[in-house]
$ cat input.txt   # compact mmCIF, C-alpha atoms and all ligand atoms
# COMPACT_ATOMS: atom_id res chain seq x y z
CA MET A 1 -30.56 8.88 12.92
CA LEU A 2 -27.07 9.31 14.36
CA ASP A 3 -26.60 11.18 17.60
CA VAL A 4 -23.63 13.14 16.26
CA ASN A 5 -23.05 15.13 19.45
CA LYS A 6 -22.81 11.93 21.44
CA ILE A 7 -20.49 10.44 18.81
CA ARG A 8 -18.26 13.52 18.81
CA ALA A 9 -17.80 13.23 22.56
CA ASP A 10 -16.18 9.82 21.94
CA PHE A 11 -13.39 11.43 19.87
CA PRO A 12 -11.16 13.51 22.17
CA ILE A 13 -9.22 15.14 19.32
CA LEU A 14 -12.36 16.75 17.91
CA SER A 15 -12.31 19.33 20.71
CA THR A 16 -8.77 20.43 19.76
CA LYS A 17 -8.20 24.02 18.64
CA ILE A 18 -6.01 25.00 15.70
CA TYR A 19 -4.84 28.65 15.66
CA GLY A 20 -7.40 29.20 18.42
CA LYS A 21 -10.26 27.96 16.19
CA PRO A 22 -12.21 24.74 16.75
CA LEU A 23 -10.74 21.97 14.59
CA ILE A 24 -12.88 21.07 11.60
CA TYR A 25 -11.39 17.80 10.45
CA LEU A 26 -12.20 17.09 6.81
CA ASP A 27 -9.18 14.92 6.00
CA ASN A 28 -10.82 11.60 6.81
CA GLY A 29 -9.75 10.08 3.48
CA ALA A 30 -6.13 10.32 4.65
CA THR A 31 -6.79 8.97 8.13
CA THR A 32 -9.67 8.86 10.57
CA GLN A 33 -9.66 9.98 14.20
CA LYS A 34 -9.81 7.41 16.97
CA PRO A 35 -12.61 6.97 19.49
CA ARG A 36 -11.71 6.83 23.18
CA CYS A 37 -12.43 3.05 23.32
CA VAL A 38 -9.62 2.36 20.79
CA VAL A 39 -7.12 4.60 22.60
CA ASP A 40 -8.08 3.05 25.95
CA GLU A 41 -7.67 -0.45 24.57
CA ILE A 42 -4.11 0.29 23.42
CA GLU A 43 -3.25 1.44 26.95
CA CYS A 44 -5.05 -1.54 28.45
CA VAL A 45 -3.11 -4.04 26.32
CA TYR A 46 0.25 -2.47 27.20
CA THR A 47 -0.59 -2.29 30.90
CA THR A 48 -2.32 -5.65 31.40
CA LEU A 49 -1.76 -8.02 28.48
CA ASN A 50 1.57 -7.32 26.82
CA ALA A 51 3.43 -10.46 25.74
CA ASN A 52 4.51 -11.70 22.34
CA VAL A 53 1.83 -13.71 20.59
CA HIS A 54 1.73 -17.28 19.27
CA ARG A 55 5.00 -18.27 20.91
CA GLY A 56 4.69 -18.56 24.64
CA VAL A 57 3.22 -21.19 26.91
CA HIS A 58 2.85 -18.63 29.67
CA THR A 59 -0.51 -17.14 30.55
CA LEU A 60 0.06 -13.59 29.30
CA SER A 61 1.25 -14.78 25.92
CA GLN A 62 -1.79 -16.99 25.58
CA GLN A 63 -4.11 -14.17 26.58
CA ALA A 64 -2.50 -11.80 24.07
CA THR A 65 -2.74 -14.49 21.39
CA ASP A 66 -6.41 -15.10 22.17
CA ALA A 67 -7.13 -11.37 22.02
CA MET A 68 -5.34 -11.04 18.67
CA GLU A 69 -7.19 -14.03 17.27
CA ALA A 70 -10.46 -12.53 18.53
CA THR A 71 -9.78 -9.58 16.20
CA ARG A 72 -9.22 -11.97 13.32
CA GLU A 73 -12.68 -13.40 14.02
CA ALA A 74 -14.11 -9.86 14.34
CA VAL A 75 -12.65 -8.93 10.93
CA ARG A 76 -13.96 -12.16 9.41
CA SER A 77 -17.42 -11.40 10.69
CA PHE A 78 -17.21 -7.69 9.72
CA ILE A 79 -16.65 -8.51 6.04
CA ASN A 80 -18.49 -11.86 6.19
CA ALA A 81 -15.51 -13.95 5.07
CA PRO A 82 -16.08 -17.70 5.21
CA SER A 83 -13.04 -18.48 7.37
CA THR A 84 -10.42 -16.82 9.60
CA LYS A 85 -7.81 -18.68 7.51
CA GLU A 86 -8.58 -16.11 4.84
CA ILE A 87 -7.86 -13.08 7.07
CA ILE A 88 -4.22 -11.99 7.01
CA PHE A 89 -2.88 -9.10 9.06
CA THR A 90 -0.47 -6.77 7.27
CA LYS A 91 0.85 -3.22 7.78
CA GLY A 92 -1.89 -1.66 5.68
CA THR A 93 -3.61 -1.57 2.31
CA THR A 94 -0.25 -0.89 0.67
CA GLU A 95 1.39 -3.99 2.11
CA SER A 96 -1.67 -6.11 1.37
CA ILE A 97 -1.54 -5.14 -2.33
CA ASN A 98 2.23 -5.65 -2.45
CA LEU A 99 1.80 -9.10 -0.90
CA VAL A 100 -0.71 -10.15 -3.54
CA ALA A 101 1.25 -8.54 -6.39
CA HIS A 102 4.45 -10.29 -5.38
CA SER A 103 3.08 -13.65 -4.40
CA PHE A 104 0.31 -13.98 -7.02
CA CYS A 105 2.62 -12.96 -9.87
CA GLN A 106 5.33 -15.32 -8.66
CA GLN A 107 2.91 -18.25 -8.78
CA PHE A 108 0.55 -17.46 -11.62
CA CYS A 109 2.23 -15.01 -14.05
CA SER A 110 4.88 -15.33 -16.71
CA GLU A 111 6.41 -12.84 -19.08
CA GLY A 112 3.83 -10.99 -21.16
CA ASP A 113 0.89 -11.77 -18.85
CA GLU A 114 -1.35 -8.85 -18.03
CA ILE A 115 -2.90 -7.25 -14.95
CA ILE A 116 -5.78 -4.79 -15.39
CA ILE A 117 -5.99 -1.72 -13.14
CA SER A 118 -7.63 1.68 -13.75
CA GLU A 119 -6.65 5.23 -14.46
CA MET A 120 -7.95 6.43 -11.08
CA GLU A 121 -5.90 4.06 -8.87
CA HIS A 122 -3.88 5.07 -5.83
CA HIS A 123 -0.12 4.63 -6.28
CA ALA A 124 -0.32 1.58 -3.98
CA ASN A 125 -2.35 -0.19 -6.68
CA ILE A 126 -0.11 0.96 -9.51
CA VAL A 127 3.48 0.78 -8.32
CA SER A 128 3.07 -2.61 -6.59
CA TRP A 129 2.27 -4.04 -10.03
CA GLN A 130 4.90 -1.98 -11.83
CA LEU A 131 7.50 -3.66 -9.62
CA GLN A 132 6.27 -6.95 -11.04
CA GLU A 133 6.71 -5.58 -14.57
CA THR A 134 10.43 -5.51 -13.77
CA ILE A 135 10.55 -8.76 -11.78
CA LYS A 136 8.19 -10.97 -13.81
CA GLY A 137 7.86 -9.12 -17.12
CA ILE A 138 4.10 -8.65 -16.72
CA LYS A 139 2.26 -5.76 -18.39
CA LEU A 140 -0.29 -3.35 -16.96
CA ARG A 141 -3.48 -2.54 -18.86
CA VAL A 142 -5.45 0.48 -17.73
CA ILE A 143 -9.22 1.12 -17.76
CA PRO A 144 -9.84 4.77 -18.71
CA ILE A 145 -12.36 7.08 -17.04
CA ASN A 146 -15.07 9.30 -18.51
CA GLU A 147 -15.57 13.04 -17.92
CA ARG A 148 -17.58 12.40 -14.72
CA GLY A 149 -14.75 10.34 -13.27
CA GLU A 150 -16.41 6.95 -13.77
CA LEU A 151 -14.75 3.86 -15.21
CA LYS A 152 -15.51 3.12 -18.86
CA LEU A 153 -16.85 -0.40 -18.41
CA ASP A 154 -17.13 -1.12 -22.13
CA GLU A 155 -13.40 -0.39 -22.45
CA PHE A 156 -12.74 -2.74 -19.53
CA GLU A 157 -14.21 -5.74 -21.27
CA LYS A 158 -12.16 -4.96 -24.39
CA LEU A 159 -8.94 -5.12 -22.35
CA ILE A 160 -9.59 -8.71 -21.27
CA ASN A 161 -7.72 -11.32 -23.29
CA PRO A 162 -6.13 -14.76 -22.71
CA LYS A 163 -3.09 -13.09 -21.15
CA THR A 164 -5.13 -11.33 -18.42
CA LYS A 165 -4.30 -12.86 -15.04
CA LEU A 166 -5.94 -10.51 -12.51
CA VAL A 167 -8.01 -7.33 -12.21
CA SER A 168 -7.09 -4.96 -9.35
CA ILE A 169 -9.49 -2.08 -8.79
CA MET A 170 -10.28 0.45 -6.10
CA HIS A 171 -13.80 0.31 -4.69
CA VAL A 172 -14.03 4.04 -3.97
CA SER A 173 -11.70 6.69 -5.39
CA ASN A 174 -9.80 8.63 -2.73
CA VAL A 175 -9.73 11.64 -5.09
CA LEU A 176 -12.99 11.66 -7.04
CA GLY A 177 -15.18 9.87 -4.51
CA THR A 178 -16.47 7.65 -7.32
CA VAL A 179 -17.97 4.38 -6.10
CA ASN A 180 -16.93 1.91 -8.77
CA PRO A 181 -19.38 -0.77 -9.96
CA ILE A 182 -17.29 -3.57 -8.52
CA GLU A 183 -20.18 -6.04 -8.63
CA GLU A 184 -20.27 -5.68 -12.43
CA ILE A 185 -16.48 -5.69 -12.73
CA ILE A 186 -16.25 -8.90 -10.70
CA ALA A 187 -19.03 -10.53 -12.75
CA ILE A 188 -17.36 -9.62 -16.06
CA ALA A 189 -13.92 -10.79 -14.87
CA HIS A 190 -15.30 -14.05 -13.49
CA LYS A 191 -17.05 -14.73 -16.79
CA HIS A 192 -13.49 -15.02 -18.13
CA ASP A 193 -12.21 -16.91 -15.01
CA ILE A 194 -10.09 -13.94 -13.92
CA PRO A 195 -9.73 -13.18 -10.20
CA VAL A 196 -10.38 -9.67 -8.83
CA LEU A 197 -8.68 -7.72 -6.05
CA ILE A 198 -10.68 -4.88 -4.51
CA ASP A 199 -8.83 -2.01 -2.82
CA GLY A 200 -11.29 -1.18 -0.05
CA ALA A 201 -9.19 1.55 1.61
CA GLN A 202 -11.94 4.12 0.96
CA SER A 203 -15.02 1.91 1.21
CA ILE A 204 -14.66 -0.23 4.34
CA GLN A 205 -15.49 2.75 6.61
CA HIS A 206 -18.46 4.00 4.58
CA GLN A 207 -20.57 0.99 3.62
CA THR A 208 -21.25 -2.64 4.49
CA ILE A 209 -18.82 -5.05 2.84
CA ASP A 210 -19.78 -8.67 2.31
CA VAL A 211 -16.97 -10.45 0.50
CA GLN A 212 -19.09 -13.56 -0.12
CA GLN A 213 -21.86 -11.56 -1.71
CA LEU A 214 -19.34 -9.58 -3.77
CA ASP A 215 -17.51 -12.80 -4.61
CA CYS A 216 -14.23 -10.85 -4.88
CA ASP A 217 -11.07 -12.94 -4.73
CA PHE A 218 -9.11 -10.46 -2.60
CA PHE A 219 -10.25 -7.49 -0.51
CA VAL A 220 -7.77 -5.19 1.24
CA PHE A 221 -8.09 -2.31 3.68
CA SER A 222 -6.26 -0.32 6.39
CA SER A 223 -7.24 -0.16 10.05
CA HIS A 224 -6.38 3.53 10.35
CA LYS A 225 -9.06 4.50 7.84
CA ILE A 226 -11.76 2.79 9.88
CA TYR A 227 -11.07 4.48 13.23
CA GLY A 228 -8.53 1.82 14.26
CA PRO A 229 -4.80 2.03 15.05
CA ASN A 230 -2.16 2.87 12.43
CA GLY A 231 0.18 0.34 10.90
CA ILE A 232 -2.35 -2.50 10.64
CA GLY A 233 -3.95 -3.76 7.47
CA VAL A 234 -6.09 -6.63 6.36
CA LEU A 235 -5.83 -8.89 3.37
CA TYR A 236 -8.83 -11.09 2.75
CA GLY A 237 -8.18 -13.70 0.08
CA LYS A 238 -10.06 -16.77 -1.03
CA GLU A 239 -8.40 -19.83 0.38
CA LYS A 240 -8.15 -21.37 -3.08
CA TRP A 241 -5.72 -18.59 -4.08
CA LEU A 242 -3.88 -18.02 -0.79
CA ASP A 243 -3.21 -21.74 -0.43
CA ARG A 244 -1.36 -21.86 -3.74
CA MET A 245 0.48 -18.53 -3.31
CA PRO A 246 4.05 -18.69 -1.92
CA PRO A 247 4.99 -16.74 1.25
CA TYR A 248 5.74 -13.05 0.78
CA GLN A 249 8.28 -12.68 3.60
CA GLY A 250 10.32 -15.21 5.58
CA GLY A 251 10.80 -15.25 9.33
CA GLY A 252 9.29 -16.38 12.58
CA GLU A 253 5.74 -17.75 12.73
CA MET A 254 5.35 -18.34 8.99
CA ILE A 255 7.27 -21.65 9.09
CA GLY A 256 6.39 -25.27 9.75
CA HIS A 257 9.93 -26.57 10.25
CA VAL A 258 13.22 -24.89 9.39
CA SER A 259 16.35 -26.76 8.41
CA PHE A 260 19.28 -26.05 6.12
CA LYS A 261 18.06 -28.93 3.96
CA GLY A 262 14.80 -27.14 3.35
CA THR A 263 12.02 -25.33 5.17
CA THR A 264 8.31 -26.00 5.30
CA PHE A 265 5.71 -23.32 5.81
CA ASN A 266 2.93 -22.78 8.31
CA GLU A 267 -0.72 -23.08 7.35
CA LEU A 268 -3.00 -20.16 6.53
CA PRO A 269 -3.18 -17.43 7.65
CA PHE A 270 0.20 -17.64 9.43
CA LYS A 271 2.09 -18.49 6.23
CA PHE A 272 1.78 -14.79 5.33
CA GLU A 273 2.47 -13.32 8.79
CA ALA A 274 6.24 -13.40 9.25
CA GLY A 275 7.65 -11.80 12.40
CA THR A 276 6.04 -10.20 15.44
CA PRO A 277 2.88 -8.40 14.35
CA ASP A 278 1.59 -5.21 15.93
CA TYR A 279 -0.65 -7.32 18.13
CA VAL A 280 -1.45 -4.31 20.33
CA GLY A 281 -2.89 -2.44 17.38
CA ILE A 282 -4.58 -5.57 16.07
CA ILE A 283 -6.28 -6.15 19.43
CA ALA A 284 -7.45 -2.51 19.50
CA LEU A 285 -8.78 -2.77 15.92
CA ARG A 286 -11.56 -4.98 17.30
CA LYS A 287 -12.78 -2.05 19.40
CA ALA A 288 -12.91 0.16 16.29
CA LEU A 289 -14.92 -2.44 14.37
CA GLU A 290 -17.30 -2.88 17.30
CA TYR A 291 -17.68 0.90 17.54
CA VAL A 292 -18.59 1.19 13.85
CA LYS A 293 -20.90 -1.83 14.07
CA ASN A 294 -22.72 -0.33 17.05
CA ILE A 295 -23.47 2.86 15.13
CA GLY A 296 -24.37 0.77 12.09
CA LEU A 297 -22.93 1.08 8.60
CA ASP A 298 -26.34 1.69 7.04
CA SER A 299 -26.89 4.74 9.28
CA ILE A 300 -23.30 5.87 8.68
CA LYS A 301 -23.73 5.64 4.91
CA GLN A 302 -27.02 7.52 4.92
CA TYR A 303 -25.67 10.29 7.18
CA GLU A 304 -22.39 10.70 5.28
CA ASP A 305 -24.10 10.64 1.87
CA GLU A 306 -26.42 13.46 2.99
CA LEU A 307 -23.47 15.44 4.29
CA LEU A 308 -21.59 14.91 1.02
CA GLN A 309 -24.58 16.05 -1.06
CA TYR A 310 -25.10 19.09 1.15
CA CYS A 311 -21.42 20.04 0.98
CA THR A 312 -21.35 19.57 -2.82
CA ALA A 313 -24.46 21.72 -3.31
CA GLU A 314 -23.09 24.50 -1.09
CA LEU A 315 -19.64 24.49 -2.74
CA MET A 316 -21.25 24.63 -6.19
CA LYS A 317 -22.78 28.00 -5.29
CA ILE A 318 -19.29 29.55 -5.23
CA ASP A 319 -18.32 31.36 -8.44
CA GLY A 320 -15.42 29.69 -10.24
CA MET A 321 -15.85 26.38 -8.36
CA LYS A 322 -14.87 23.25 -10.27
CA ILE A 323 -15.52 19.88 -8.68
CA TYR A 324 -13.48 16.95 -9.99
CA GLY A 325 -15.57 13.80 -9.89
CA THR A 326 -19.28 14.09 -10.57
CA ALA A 327 -20.10 10.39 -10.70
CA VAL A 328 -23.64 9.25 -10.08
CA ARG A 329 -22.45 7.11 -7.14
CA LYS A 330 -20.07 8.94 -4.82
CA SER A 331 -18.82 8.52 -1.28
CA SER A 332 -17.15 10.87 1.23
CA ALA A 333 -14.62 12.79 -0.91
CA ILE A 334 -15.00 16.07 -2.81
CA SER A 335 -12.03 17.30 -4.84
CA PHE A 336 -12.11 20.83 -6.14
CA LEU A 337 -10.29 23.90 -7.41
CA VAL A 338 -11.57 27.48 -7.52
CA ASN A 339 -10.50 29.74 -10.40
CA ASP A 340 -6.72 29.61 -10.57
CA ILE A 341 -6.15 29.53 -6.82
CA HIS A 342 -3.38 27.05 -6.12
CA HIS A 343 -4.50 24.06 -4.05
CA TYR A 344 -1.67 24.59 -1.54
CA ASP A 345 -2.69 28.22 -1.00
CA MET A 346 -6.29 27.15 -0.42
CA GLY A 347 -5.23 24.37 1.98
CA MET A 348 -2.86 26.61 3.96
CA LEU A 349 -5.39 29.42 4.33
CA LEU A 350 -8.13 26.99 5.38
CA ASP A 351 -5.73 25.57 7.97
CA LYS A 352 -5.35 29.05 9.47
CA MET A 353 -9.10 28.96 10.00
CA GLY A 354 -8.91 25.59 11.79
CA ILE A 355 -9.98 23.51 8.79
CA ALA A 356 -8.00 20.40 7.86
CA VAL A 357 -8.26 19.38 4.20
CA ARG A 358 -5.83 17.58 1.94
CA THR A 359 -4.11 19.18 -1.04
CA GLY A 360 -1.92 17.82 -3.81
CA HIS A 361 -2.03 14.79 -6.07
CA HIS A 362 -3.40 12.44 -3.37
CA CYS A 363 -1.03 9.62 -4.46
CA ALA A 364 -2.82 9.46 -7.80
CA GLN A 365 -0.50 11.20 -10.26
CA PRO A 366 -1.72 9.29 -13.34
CA LEU A 367 -5.26 10.43 -12.50
CA MET A 368 -4.05 14.02 -12.19
CA GLU A 369 -2.43 13.65 -15.60
CA ALA A 370 -5.72 12.40 -17.06
CA LEU A 371 -7.54 15.38 -15.51
CA GLY A 372 -4.85 17.74 -16.80
CA ILE A 373 -4.12 19.22 -13.37
CA GLU A 374 -1.37 19.06 -10.80
CA GLY A 375 -3.52 18.62 -7.73
CA THR A 376 -6.78 19.44 -5.99
CA VAL A 377 -8.13 20.44 -2.61
CA ARG A 378 -9.96 17.48 -1.09
CA ALA A 379 -12.50 17.50 1.70
CA SER A 380 -13.56 14.06 2.94
CA VAL A 381 -16.32 13.59 5.48
CA ALA A 382 -16.85 11.10 8.30
CA PHE A 383 -19.86 10.41 10.52
CA TYR A 384 -18.57 12.78 13.22
CA ASN A 385 -18.70 15.79 10.89
CA THR A 386 -21.71 18.09 11.09
CA ARG A 387 -23.71 20.42 8.85
CA ASP A 388 -22.43 23.33 10.95
CA GLU A 389 -18.88 22.28 10.11
CA ILE A 390 -19.76 22.11 6.41
CA ASP A 391 -21.24 25.63 6.63
CA ALA A 392 -18.07 26.90 8.32
CA PHE A 393 -15.93 25.14 5.71
CA VAL A 394 -17.86 26.58 2.76
CA ALA A 395 -17.76 30.06 4.34
CA ALA A 396 -13.99 29.67 4.77
CA VAL A 397 -13.56 28.66 1.11
CA ARG A 398 -15.55 31.79 0.15
CA ARG A 399 -13.26 33.86 2.34
CA VAL A 400 -10.16 32.45 0.66
CA VAL A 401 -11.67 33.13 -2.78
CA SER A 402 -12.38 36.74 -1.78
CA MET A 403 -8.72 37.19 -0.75
CA PHE A 404 -7.49 36.45 -4.30
N1 LIG B 501 -5.66 2.81 -1.68
C1 LIG B 501 -6.45 3.87 -1.50
C2 LIG B 501 -7.68 4.02 -2.34
C3 LIG B 501 -6.16 4.81 -0.52
O1 LIG B 501 -6.95 5.86 -0.34
C4 LIG B 501 -5.01 4.61 0.29
C5 LIG B 501 -4.63 5.61 1.36
N2 LIG B 501 -4.74 6.95 0.96
C6 LIG B 501 -4.21 3.49 0.05
C7 LIG B 501 -4.56 2.62 -0.95
C8 LIG B 501 -2.99 3.22 0.87
O2 LIG B 501 -3.34 2.97 2.20
P1 LIG B 501 -2.23 2.85 3.32
O3 LIG B 501 -1.35 4.06 3.19
O4 LIG B 501 -2.99 2.84 4.60
O5 LIG B 501 -1.49 1.57 3.08
$ encode --input "input.txt" --output "structure tokens"
Amino acid sequence: MLDVNKIRADFPILSTKIYGKPLIYLDNGATTQKPRCVVDEIECVYTTLNANVHRGVHTLSQQATDAMEATREAVRSFINAPSTKEIIFTKGTTESINLVAHSFCQQFCSEGDEIIISEMEHHANIVSWQLQETIKGIKLRVIPINERGELKLDEFEKLINPKTKLVSIMHVSNVLGTVNPIEEIIAIAHKHDIPVLIDGAQSIQHQTIDVQQLDCDFFVFSSHKIYGPNGIGVLYGKEKWLDRMPPYQGGGEMIGHVSFKGTTFNELPFKFEAGTPDYVGIIALRKALEYVKNIGLDSIKQYEDELLQYCTAELMKIDGMKIYGTAVRKSSAISFLVNDIHHYDMGMLLDKMGIAVRTGHHCAQPLMEALGIEGTVRASVAFYNTRDEIDAFVAAVRRVVSMF
């Protein structure tokens, strides 16, 4: 069992008031709040350790480099990757996907080759590939969803053909909450020798990830969604792919030797880390991972799943409630509309009652098109949310409904 009161005390922002009401933060799918240990670590790095990494012989630079590399090891261990060579720091999930799209397509795709994604993807996992449609002439194939918001797996297998070069799929939908059967997707793709990228932006914070057990070829996530600093992302990739992929950006650190006659590149993972990274944020990410590990992802999953089920059951009691995404396996997010109340109106009125939810298309416009709507209200829970908060949220939704 989680000691939620003790956990809440670690997150200073949770005692904030909005319009004089206690903040009820249910926008965890967009970003998570930061525990004191992460905030303190950022201050500590700037006040005791700040020096550019990987370049200096002086003590501070070496200490900062060691601390940054300690996070690389912490990330490796967190997702059980075989080697730190396979852990690349980026700006976020978005940059990680763009890196793979650009570099993988440059090396392995020619005109007419195909990449499979799904109808429920975030724009980061759509537009990154669409850019390659223009640059490399590749084509996107899209797995449709059923009425519960689950992928149609039988349709997936039909999309695979000799031109398929990669499958790129989200683990958990940021809109529907659907947990996709990535184990099956990876097995099917690998049967045809096709690599798979998993967008873990909405799964890394809610369940244990073991990239060796999954056998995915790439796994990407953002630090800010797992209680870490903003502007940091991770790309895990199997060495066999990363080794053959060309650099994504040029600059300092990613080179072996530079000359006007020709330049050689650094080894993994540095080949993909051009320029000064946000080493302060990277160092603090280790604190976030340790924090999550100490609570335990199994306990987190159990607690959050119960909260999600409770919230769903309570919302369903409201007349006119329609929940988008009723998959058998769900995590964290509930998207809904009530009668014809506009999602913005619902979101703004909830905000006046201190409740933070997300409204709109959630960077998934093709999914909205498939659902035949413009947007939803989305509540997304984290382990610091409580049943009392869910009760207050549901009561507030009822109040909004009664106003219309
Ligand atoms: N994929 C999914 C499933 C997401 O939920 C998000 C963030 N909403 C992203 C990608 C993009 O993440 P970021 O903005 O941190 O790069």
$ residues_around --input "input.txt" --residues "range 275-292 of chain A" --least-positions-apart "4" --cutoff "6 Å" --atoms "all atoms listed in the file" --output "MDAnalysis selection string"
chainID A and resid 38 41:42 67:68 71 227:229 251:252
$ residues_around --input "input.txt" --residues "Leu242 in chain A" --least-positions-apart "6" --cutoff "10 Å" --atoms "all atoms listed in the file" --output "PyMOL selection string"
chain A and resi 85-86+88+100+103-104+217-218+236+268-269+271-272
$ residues_near_ligand --input "input.txt" --ligand "ligand LIG 501 (chain B)" --cutoff "6 Å" --atoms "all atoms listed in the file" --output "CSV table (one decimal) with C-alpha atoms, keeping the file's coordinate frame"
chain,number,residue,atom,x,y,z
A,30,ALA,CA,-6.1,10.3,4.6
A,92,GLY,CA,-1.9,-1.7,5.7
A,93,THR,CA,-3.6,-1.6,2.3
A,94,THR,CA,-0.2,-0.9,0.7
A,122,HIS,CA,-3.9,5.1,-5.8
A,124,ALA,CA,-0.3,1.6,-4.0
A,170,MET,CA,-10.3,0.4,-6.1
A,173,SER,CA,-11.7,6.7,-5.4
A,174,ASN,CA,-9.8,8.6,-2.7
A,199,ASP,CA,-8.8,-2.0,-2.8
A,201,ALA,CA,-9.2,1.6,1.6
A,202,GLN,CA,-11.9,4.1,1.0
A,222,SER,CA,-6.3,-0.3,6.4
$ residues_around --input "input.txt" --residues "Ile79 in chain A" --least-positions-apart "6" --cutoff "7 Å" --atoms "all atoms listed in the file" --output "list of chain:residue names"
A:Ile209, A:Asp210, A:Val211
$ write_last_selection --input "input.txt" --atoms "C-alpha atoms" --output "mmCIF file, keeping the file's coordinate frame"
data_model
loop_
_atom_site.group_PDB
_atom_site.id
_atom_site.type_symbol
_atom_site.label_atom_id
_atom_site.label_comp_id
_atom_site.auth_asym_id
_atom_site.auth_seq_id
_atom_site.Cartn_x
_atom_site.Cartn_y
_atom_site.Cartn_z
ATOM 1 C CA ILE A 209 -18.820 -5.050 2.840
ATOM 2 C CA ASP A 210 -19.780 -8.670 2.310
ATOM 3 C CA VAL A 211 -16.970 -10.450 0.500
#
$ atom_distance --input "input.txt" --atom1 "CA of Pro195 in chain A" --atom2 "CA of Arg141 in chain A"
15.1 Å
$ closest_residue --input "input.txt" --among "A:Leu131, A:Gln107, A:Ala333, A:Glu147" --to "Val172 in chain A" --atoms "all atoms listed in the file"
A:Ala333
$ atom_distance --input "input.txt" --atom1 "CA of Asn98 in chain A" --atom2 "CA of Ser331 in chain A"
25.4 Å
$ closest_residue --input "input.txt" --among "A:Phe404, A:Phe393, A:Tyr303, A:Phe270" --to "Thr90 in chain A" --atoms "all atoms listed in the file"
A:Phe270
$ residues_around --input "input.txt" --residues "Thr208 in chain A" --least-positions-apart "4" --cutoff "10 Å" --atoms "only C-alpha atoms" --output "MDAnalysis selection string"
chainID A and resid 78:80 203:204 293 296:298 300:301
$ write_last_selection --input "input.txt" --atoms "C-alpha atoms" --output "PDB file, keeping the file's coordinate frame"
ATOM      1  CA  PHE A  78     -17.210  -7.690   9.720  1.00  0.00           C
ATOM      2  CA  ILE A  79     -16.650  -8.510   6.040  1.00  0.00           C
ATOM      3  CA  ASN A  80     -18.490 -11.860   6.190  1.00  0.00           C
ATOM      4  CA  SER A 203     -15.020   1.910   1.210  1.00  0.00           C
ATOM      5  CA  ILE A 204     -14.660  -0.230   4.340  1.00  0.00           C
ATOM      6  CA  LYS A 293     -20.900  -1.830  14.070  1.00  0.00           C
ATOM      7  CA  GLY A 296     -24.370   0.770  12.090  1.00  0.00           C
ATOM      8  CA  LEU A 297     -22.930   1.080   8.600  1.00  0.00           C
ATOM      9  CA  ASP A 298     -26.340   1.690   7.040  1.00  0.00           C
ATOM     10  CA  ILE A 300     -23.300   5.870   8.680  1.00  0.00           C
ATOM     11  CA  LYS A 301     -23.730   5.640   4.910  1.00  0.00           C
TER      12      LYS A 301
END
$ closest_residue --input "input.txt" --among "A:Ile7, A:Ala187, A:Leu99, A:Val400" --to "Ala274 in chain A" --atoms "only C-alpha atoms"
A:Leu99
$ closest_residue --input "input.txt" --among "A:Asp40, A:Glu69, A:Asp340, A:Asp27" --to "Val357 in chain A" --atoms "all atoms listed in the file"
A:Asp27
$ residues_around --input "input.txt" --residues "range 125-128 of chain A" --least-positions-apart "4" --cutoff "12 Å" --atoms "all atoms listed in the file" --output "ChimeraX atom specification"
/A:93-105,115-121,132-135,138-142,167-171,173,197-201,220,363-367
$ write_last_selection --input "input.txt" --atoms "C-alpha atoms" --output "compact mmCIF listing (two decimals), in the coordinates of the input"
# COMPACT_ATOMS: atom_id res chain seq x y z
CA THR A 93 -3.61 -1.57 2.31
CA THR A 94 -0.25 -0.89 0.67
CA GLU A 95 1.39 -3.99 2.11
CA SER A 96 -1.67 -6.11 1.37
CA ILE A 97 -1.54 -5.14 -2.33
CA ASN A 98 2.23 -5.65 -2.45
CA LEU A 99 1.80 -9.10 -0.90
CA VAL A 100 -0.71 -10.15 -3.54
CA ALA A 101 1.25 -8.54 -6.39
CA HIS A 102 4.45 -10.29 -5.38
CA SER A 103 3.08 -13.65 -4.40
CA PHE A 104 0.31 -13.98 -7.02
CA CYS A 105 2.62 -12.96 -9.87
CA ILE A 115 -2.90 -7.25 -14.95
CA ILE A 116 -5.78 -4.79 -15.39
CA ILE A 117 -5.99 -1.72 -13.14
CA SER A 118 -7.63 1.68 -13.75
CA GLU A 119 -6.65 5.23 -14.46
CA MET A 120 -7.95 6.43 -11.08
CA GLU A 121 -5.90 4.06 -8.87
CA GLN A 132 6.27 -6.95 -11.04
CA GLU A 133 6.71 -5.58 -14.57
CA THR A 134 10.43 -5.51 -13.77
CA ILE A 135 10.55 -8.76 -11.78
CA ILE A 138 4.10 -8.65 -16.72
CA LYS A 139 2.26 -5.76 -18.39
CA LEU A 140 -0.29 -3.35 -16.96
CA ARG A 141 -3.48 -2.54 -18.86
CA VAL A 142 -5.45 0.48 -17.73
CA VAL A 167 -8.01 -7.33 -12.21
CA SER A 168 -7.09 -4.96 -9.35
CA ILE A 169 -9.49 -2.08 -8.79
CA MET A 170 -10.28 0.45 -6.10
CA HIS A 171 -13.80 0.31 -4.69
CA SER A 173 -11.70 6.69 -5.39
CA LEU A 197 -8.68 -7.72 -6.05
CA ILE A 198 -10.68 -4.88 -4.51
CA ASP A 199 -8.83 -2.01 -2.82
CA GLY A 200 -11.29 -1.18 -0.05
CA ALA A 201 -9.19 1.55 1.61
CA VAL A 220 -7.77 -5.19 1.24
CA CYS A 363 -1.03 9.62 -4.46
CA ALA A 364 -2.82 9.46 -7.80
CA GLN A 365 -0.50 11.20 -10.26
CA PRO A 366 -1.72 9.29 -13.34
CA LEU A 367 -5.26 10.43 -12.50
$ closest_residue --input "input.txt" --among "A:Glu253, A:Glu267, A:Ala379, A:Leu371" --to "Pro144 in chain A" --atoms "all atoms listed in the file"
A:Leu371
